[in-house]
file data_15.txt (compact mmCIF, C-alpha atoms)
# COMPACT_ATOMS: atom_id res chain seq x y z
CA MET L 1 118.66 0.98 188.56
CA ASN L 2 120.66 3.29 190.88
CA PHE L 3 123.06 0.95 192.73
CA ASN L 4 124.27 3.70 195.08
CA LYS L 5 120.71 4.48 196.09
CA ILE L 6 119.99 0.82 196.85
CA THR L 7 123.22 0.52 198.81
CA LYS L 8 122.44 3.57 200.93
CA THR L 9 118.91 2.35 201.57
CA ALA L 10 120.16 -1.08 202.62
CA LEU L 11 122.83 0.45 204.85
CA THR L 12 120.26 2.67 206.52
CA ALA L 13 118.03 -0.32 207.16
CA LEU L 14 120.91 -2.31 208.64
CA LEU L 15 121.91 0.55 210.92
CA GLY L 16 118.31 0.95 212.01
CA ALA L 17 118.04 -2.74 212.80
CA ALA L 18 121.31 -2.67 214.74
CA LEU L 19 120.13 0.34 216.74
CA ALA L 20 116.84 -1.42 217.52
CA VAL L 21 118.71 -4.48 218.76
CA GLY L 22 120.97 -2.27 220.87
CA LEU L 23 118.01 -0.47 222.43
CA ALA L 24 116.30 -3.77 223.12
CA GLY L 25 119.46 -4.96 224.85
CA CYS L 26 119.53 -1.78 226.94
CA GLY L 27 115.92 -2.34 227.87
CA LYS L 28 116.77 -5.83 229.07
CA ASP L 29 119.65 -4.49 231.16
CA ALA L 30 117.36 -1.89 232.72
CA ALA L 31 114.81 -4.58 233.54
CA ASP L 32 117.60 -6.56 235.21
CA GLY L 33 118.52 -3.53 237.33
CA GLY L 34 121.29 -2.49 234.95
CA ALA L 35 123.55 -5.08 236.56
CA ALA L 36 127.03 -5.24 235.09
CA LYS L 37 128.54 -8.67 234.50
CA SER L 38 132.12 -9.83 234.94
CA ALA L 39 134.07 -11.65 232.23
CA ASP L 40 132.89 -15.00 233.59
CA GLY L 41 129.26 -13.89 233.71
CA LYS L 42 128.98 -13.10 237.42
CA LYS L 43 126.88 -10.14 238.55
CA ILE L 44 129.18 -7.36 239.74
CA VAL L 45 128.27 -6.02 243.17
CA THR L 46 129.64 -2.55 243.89
CA VAL L 47 130.24 -1.94 247.60
CA ALA L 48 130.69 1.75 248.36
CA HIS L 49 132.36 2.70 251.63
CA THR L 50 133.64 5.89 253.21
CA ASN L 51 137.36 6.43 252.75
CA TYR L 52 138.29 7.88 256.15
CA TYR L 53 136.11 6.39 258.93
CA VAL L 54 138.82 4.47 260.80
CA PRO L 55 138.46 1.71 261.95
CA TYR L 56 135.08 1.02 260.28
CA ASP L 57 135.69 1.91 256.62
CA TYR L 58 138.79 3.50 255.11
CA VAL L 59 141.66 3.22 252.63
CA ASN L 60 144.84 1.86 254.21
CA GLU L 61 148.46 2.85 253.54
CA GLN L 62 148.63 0.34 250.70
CA GLY L 63 145.73 2.07 248.98
CA GLU L 64 143.35 -0.83 249.70
CA SER L 65 139.78 -0.79 251.00
CA ASP L 66 140.01 -1.69 254.69
CA GLY L 67 138.21 -1.45 258.02
CA PHE L 68 135.91 -3.63 260.11
CA GLU L 69 132.81 -3.27 257.94
CA VAL L 70 134.82 -3.66 254.74
CA ALA L 71 136.43 -6.80 256.16
CA VAL L 72 133.02 -8.23 257.02
CA MET L 73 131.75 -7.52 253.51
CA LYS L 74 134.83 -9.25 252.09
CA GLU L 75 133.93 -12.30 254.17
CA VAL L 76 130.36 -12.06 252.85
CA ALA L 77 131.85 -12.07 249.33
CA LYS L 78 133.51 -15.41 250.07
CA LYS L 79 130.13 -16.81 251.07
CA LEU L 80 128.54 -15.59 247.84
CA PRO L 81 130.89 -16.76 245.04
CA GLN L 82 128.13 -16.24 242.46
CA TYR L 83 128.89 -12.49 242.68
CA GLU L 84 132.00 -10.45 241.99
CA PHE L 85 132.43 -7.78 244.68
CA LYS L 86 134.09 -4.48 243.83
CA PHE L 87 134.89 -2.08 246.68
CA VAL L 88 134.68 1.65 245.98
CA PRO L 89 135.97 4.19 248.53
CA THR L 90 134.05 7.46 248.34
CA SER L 91 132.50 10.34 250.28
CA ASP L 92 129.46 10.19 252.57
CA ASP L 93 127.25 12.10 250.15
CA ASP L 94 128.28 10.11 247.08
CA LEU L 95 127.69 6.86 248.94
CA LEU L 96 124.17 7.82 250.05
CA ILE L 97 123.14 9.29 246.70
CA GLY L 98 124.88 6.51 244.77
CA VAL L 99 123.13 3.66 246.58
CA GLU L 100 119.77 5.38 246.25
CA SER L 101 120.25 5.96 242.50
CA GLY L 102 121.64 2.49 241.79
CA LYS L 103 125.17 3.66 241.02
CA TYR L 104 126.25 1.38 243.88
CA THR L 105 124.63 -1.89 244.95
CA VAL L 106 125.33 -1.47 248.64
CA GLY L 107 127.03 1.04 250.90
CA THR L 108 128.57 0.86 254.36
CA LYS L 109 129.67 3.67 256.66
CA GLY L 110 128.59 2.86 260.20
CA ILE L 111 124.93 3.56 259.37
CA TRP L 112 122.08 3.50 261.90
CA ILE L 113 118.48 2.77 260.93
CA THR L 114 116.08 5.74 260.83
CA ASP L 115 112.56 6.04 259.46
CA ALA L 116 113.76 8.50 256.81
CA ARG L 117 116.47 6.11 255.62
CA LYS L 118 114.07 3.15 255.46
CA LYS L 119 112.11 5.06 252.82
CA LYS L 120 115.19 5.33 250.58
CA TYR L 121 117.06 2.07 251.10
CA VAL L 122 116.66 -1.63 251.82
CA PHE L 123 117.98 -2.52 255.27
CA PRO L 124 118.89 -6.17 255.93
CA LYS L 125 117.60 -8.03 258.97
CA ASN L 126 121.09 -8.52 260.39
CA ASN L 127 123.40 -5.69 261.42
CA ILE L 128 126.99 -5.70 260.25
CA GLY L 129 128.43 -4.26 263.47
CA ALA L 130 127.88 -1.70 266.20
CA SER L 131 128.98 1.72 267.34
CA VAL L 132 129.03 2.99 270.91
CA ILE L 133 127.28 6.21 271.84
CA GLY L 134 127.50 8.14 275.08
CA LEU L 135 127.92 11.52 276.70
CA THR L 136 130.75 14.01 276.55
CA ILE L 137 130.68 15.70 279.96
CA ARG L 138 132.88 17.89 282.15
CA LYS L 139 135.37 16.11 284.35
CA ASP L 140 134.09 18.05 287.37
CA THR L 141 130.70 16.30 287.01
CA ALA L 142 132.09 12.79 286.44
CA ASN L 143 131.47 11.73 290.05
CA GLU L 144 127.75 12.36 289.62
CA ILE L 145 127.18 11.47 285.94
CA LYS L 146 127.80 7.77 285.34
CA ASP L 147 125.14 6.99 282.72
CA MET L 148 122.04 8.44 281.04
CA ALA L 149 119.86 8.00 284.12
CA SER L 150 122.26 9.84 286.42
CA PHE L 151 122.72 12.52 283.76
CA ALA L 152 118.96 13.05 283.60
CA LYS L 153 118.86 13.28 287.38
CA PHE L 154 121.82 15.69 287.48
CA SER L 155 120.21 18.20 285.10
CA GLY L 156 119.33 16.54 281.77
CA LYS L 157 120.66 19.61 279.98
CA ILE L 158 121.90 18.12 276.71
CA VAL L 159 123.22 19.97 273.67
CA PRO L 160 120.29 20.33 271.21
CA ILE L 161 120.09 17.79 268.38
CA ALA L 162 118.65 18.19 264.88
CA PRO L 163 115.47 16.04 264.59
CA GLN L 164 116.79 14.36 261.42
CA ASP L 165 119.94 13.30 263.28
CA ALA L 166 119.79 9.65 264.39
CA ARG L 167 121.02 10.73 267.84
CA TYR L 168 117.74 12.59 268.39
CA MET L 169 115.96 9.25 268.17
CA VAL L 170 118.30 7.77 270.81
CA VAL L 171 117.41 10.44 273.37
CA ASP L 172 113.74 10.42 272.41
CA THR L 173 113.62 6.65 272.92
CA TYR L 174 115.31 7.00 276.33
CA ASN L 175 112.70 9.60 277.38
CA LYS L 176 109.82 7.38 276.31
CA GLU L 177 111.28 4.53 278.34
CA ASN L 178 111.92 6.78 281.35
CA PRO L 179 108.97 9.16 281.71
CA ASP L 180 109.84 10.02 285.32
CA ASN L 181 113.51 10.83 284.68
CA GLN L 182 113.75 12.61 281.36
CA ILE L 183 116.48 14.40 279.47
CA LYS L 184 115.74 17.94 278.26
CA LEU L 185 115.69 17.18 274.52
CA THR L 186 115.43 20.20 272.23
CA SER L 187 115.90 20.46 268.49
CA SER L 188 118.40 22.67 266.72
CA GLU L 189 120.00 23.42 263.41
CA SER L 190 123.41 21.94 262.65
CA PHE L 191 126.50 23.28 264.41
CA GLN L 192 130.19 22.53 264.67
CA ASN L 193 131.52 19.94 267.11
CA ALA L 194 133.74 22.66 268.59
CA ASP L 195 130.61 24.60 269.56
CA ALA L 196 129.09 21.62 271.35
CA TYR L 197 132.27 20.90 273.28
CA SER L 198 132.65 24.58 274.21
CA TRP L 199 129.04 24.80 275.39
CA VAL L 200 129.58 21.84 277.72
CA MET L 201 132.83 23.26 279.10
CA GLU L 202 131.15 26.63 279.71
CA GLY L 203 128.26 24.99 281.59
CA ARG L 204 125.65 26.11 279.07
CA TYR L 205 124.85 22.40 278.78
CA ASP L 206 126.02 19.48 280.88
CA GLY L 207 126.31 16.82 278.18
CA TYR L 208 126.72 16.26 274.46
CA LEU L 209 125.47 13.01 272.93
CA ASP L 210 128.46 11.85 270.94
CA VAL L 211 129.57 8.71 269.14
CA GLU L 212 132.58 7.39 271.03
CA LEU L 213 134.72 7.22 267.90
CA SER L 214 133.96 10.89 267.23
CA TYR L 215 135.00 11.80 270.77
CA LYS L 216 138.25 9.87 270.38
CA ASN L 217 139.05 11.44 267.01
CA ASN L 218 138.08 14.97 268.07
CA ILE L 219 139.38 15.12 271.65
CA ALA L 220 141.07 12.05 273.09
CA LYS L 221 143.85 11.45 270.57
CA GLU L 222 146.99 13.52 271.00
CA ASP L 223 146.73 14.86 267.46
CA ALA L 224 142.97 15.47 267.68
CA PRO L 225 141.77 18.93 266.58
CA TYR L 226 140.29 19.70 270.02
CA HIS L 227 142.74 17.76 272.17
CA ALA L 228 143.22 20.87 274.32
CA PHE L 229 139.68 20.24 275.61
CA SER L 230 140.74 16.88 277.08
CA ASP L 231 141.85 18.59 280.31
CA LYS L 232 138.23 19.48 281.09
CA LEU L 233 136.12 16.91 279.22
CA THR L 234 135.63 13.17 279.54
CA TYR L 235 133.33 10.51 278.09
CA VAL L 236 130.67 8.20 279.54
CA ARG L 237 129.44 5.23 277.49
CA TYR L 238 125.69 4.74 277.17
CA LYS L 239 124.89 1.89 274.79
CA GLY L 240 125.70 0.21 271.51
CA ILE L 241 123.79 1.09 268.35
CA PRO L 242 123.65 -1.53 265.57
CA THR L 243 125.17 -0.47 262.25
CA TYR L 244 123.94 -1.71 258.88
CA PRO L 245 124.87 -1.68 255.23
CA ILE L 246 122.26 -0.02 253.01
CA PHE L 247 121.10 -1.64 249.76
CA ASN L 248 119.52 -0.13 246.67
CA LYS L 249 115.73 -0.51 246.68
CA ASN L 250 115.96 -3.07 243.82
CA GLU L 251 118.38 -5.30 245.76
CA GLN L 252 116.11 -7.03 248.28
CA ALA L 253 117.11 -10.48 247.00
CA PHE L 254 120.80 -9.63 247.42
CA ALA L 255 120.12 -8.23 250.92
CA ASP L 256 118.49 -11.57 251.80
CA GLU L 257 121.62 -13.40 250.64
CA TYR L 258 123.74 -11.02 252.72
CA ASP L 259 121.58 -11.90 255.75
CA LYS L 260 122.20 -15.61 255.29
CA ALA L 261 125.96 -15.05 254.92
CA ILE L 262 126.14 -12.82 258.02
CA GLU L 263 124.30 -15.39 260.12
CA GLU L 264 126.84 -18.02 259.08
CA LEU L 265 129.79 -15.73 259.78
CA ARG L 266 128.44 -14.85 263.21
CA SER L 267 127.86 -18.50 264.15
CA GLU L 268 131.38 -19.34 262.96
CA GLY L 269 132.87 -16.64 265.20
CA LYS L 270 134.27 -14.64 262.31
CA ILE L 271 132.47 -11.41 263.25
CA ALA L 272 133.80 -11.61 266.81
CA GLU L 273 137.31 -12.26 265.44
CA LEU L 274 137.16 -9.15 263.23
CA GLU L 275 135.83 -7.02 266.10
CA GLN L 276 138.87 -7.96 268.16
CA LYS L 277 141.16 -7.18 265.23
CA TYR L 278 139.78 -3.72 264.52
CA PHE L 279 138.42 -2.57 267.92
CA GLY L 280 140.29 -4.67 270.45
CA GLU L 281 136.95 -5.63 272.02
CA SER L 282 133.47 -6.85 271.13
CA LEU L 283 131.26 -3.84 270.48
CA SER L 284 128.38 -6.25 269.85
CA GLU L 285 128.31 -6.87 273.61
CA TYR L 286 126.98 -3.32 274.07
CA LEU L 287 123.91 -4.20 272.01
CA LYS L 288 122.70 -6.64 274.65
call {"tool": "encode", "arguments": {"input": "data_15.txt", "output": "structure tokens"}}
result
Amino acid sequence: MNFNKITKTALTALLGAALAVGLAGCGKDAADGGAAKSADGKKIVTVAHTNYYVPYDYVNEQGESDGFEVAVMKEVAKKLPQYEFKFVPTSDDDLLIGVESGKYTVGTKGIWITDARKKKYVFPKNNIGASVIGLTIRKDTANEIKDMASFAKFSGKIVPIAPQDARYMVVDTYNKENPDNQIKLTSSESFQNADAYSWVMEGRYDGYLDVELSYKNNIAKEDAPYHAFSDKLTYVRYKGIPTYPIFNKNEQAFADEYDKAIEELRSEGKIAELEQKYFGESLSEYLK
């Protein structure tokens, strides 16, 4: 009898069995959504957030995940002790692709709901916060343009918006609600913010639909890249838009648990407290 042959055959069989067990284990993980577990057996929830969108989501001077939406998600984590939350700062593109692919469980970056996004992600019932949108206009028209209605009456000449941009939906919704006082909404390819601001200053258009935070970061702040435009441009608030975290398509159950936690935090006044901390006001009031 060849002992070496028997030994090799047995070893091969053992390795094959071990591989089969390993593959079976992988199959189980895949069926469970590939969820990683912490040392104490908790499901690890990865929360991706943008690393620069102050004050919503960013990395602070101590190198920690920070911002209003991050702070809210950290409060949600306290309400859901059965999970271990891990916060991952990243880019816009990586966040969107990562949540869709399952690399991340949930992502937050001041996101608005659109039909296109609803096809890719699970949106919870409850928003996490709000952002304010309005019009960048010339200061010499500020006496006549006070809101969207007066802008439409003045001329309605707004900088074109790409149809896939969530801002297009905002203007389109306004026009549907105001058929007798419409804004001249046209579609366009993408362009630089500097172009839009220049077109308004030149009178080519009379308004640019802009998120207030973008206006502040681009023009209002003293170190803003287009602060020189602040002599001729100003901003008019229109309304608040609810912002949401996005969940991977396999995370509906977790999104439902988020909803319950958010409702508790809102009733306890915690959301309002964090709004004051990060914005100095309640942006949620603009949703009413």
call {"tool": "closest_residue", "arguments": {"input": "data_15.txt", "among": "L:Asn143, L:Gln276, L:Ser284, L:Thr90", "to": "Val236 of chain L", "atoms": "only C-alpha atoms"}}
result
L:Asn143
call {"tool": "closest_residue", "arguments": {"input": "data_15.txt", "among": "L:Thr46, L:Ser282, L:Ser267, L:Thr243", "to": "Lys125 of chain L", "atoms": "only C-alpha atoms"}}
result
L:Thr243
call {"tool": "closest_residue", "arguments": {"input": "data_15.txt", "among": "L:Lys119, L:Arg237, L:Phe87, L:Thr136", "to": "Asn218 of chain L", "atoms": "all atoms listed in the file"}}
result
L:Thr136
call {"tool": "residues_around", "arguments": {"input": "data_15.txt", "residues": "Leu213 of chain L", "least_positions_apart": "6", "cutoff": "9 Å", "atoms": "only C-alpha atoms", "output": "CSV table (one decimal) with C-alpha atoms, in the frame of the given file"}}
result
chain,number,residue,atom,x,y,z
L,54,VAL,CA,138.8,4.5,260.8
L,55,PRO,CA,138.5,1.7,262.0
L,131,SER,CA,129.0,1.7,267.3
L,132,VAL,CA,129.0,3.0,270.9
L,133,ILE,CA,127.3,6.2,271.8
call {"tool": "residues_around", "arguments": {"input": "data_15.txt", "residues": "Asp93 of chain L", "least_positions_apart": "3", "cutoff": "12 Å", "atoms": "all atoms listed in the file", "output": "list in words"}}
result
Ala48, His49, Thr50, Asn51, Pro89, Thr90, Leu96, Ile97, Gly98, Val99, Glu100, Gly107 and Lys109 of chain L
call {"tool": "write_last_selection", "arguments": {"input": "data_15.txt", "atoms": "C-alpha atoms", "output": "short mmCIF file (atom, residue, chain, number, x, y, z; two decimals), in the frame of the given file"}}
result
data_model
loop_
_atom_site.label_atom_id
_atom_site.label_comp_id
_atom_site.auth_asym_id
_atom_site.auth_seq_id
_atom_site.Cartn_x
_atom_site.Cartn_y
_atom_site.Cartn_z
CA ALA L 48 130.69 1.75 248.36
CA HIS L 49 132.36 2.70 251.63
CA THR L 50 133.64 5.89 253.21
CA ASN L 51 137.36 6.43 252.75
CA PRO L 89 135.97 4.19 248.53
CA THR L 90 134.05 7.46 248.34
CA LEU L 96 124.17 7.82 250.05
CA ILE L 97 123.14 9.29 246.70
CA GLY L 98 124.88 6.51 244.77
CA VAL L 99 123.13 3.66 246.58
CA GLU L 100 119.77 5.38 246.25
CA GLY L 107 127.03 1.04 250.90
CA LYS L 109 129.67 3.67 256.66
#
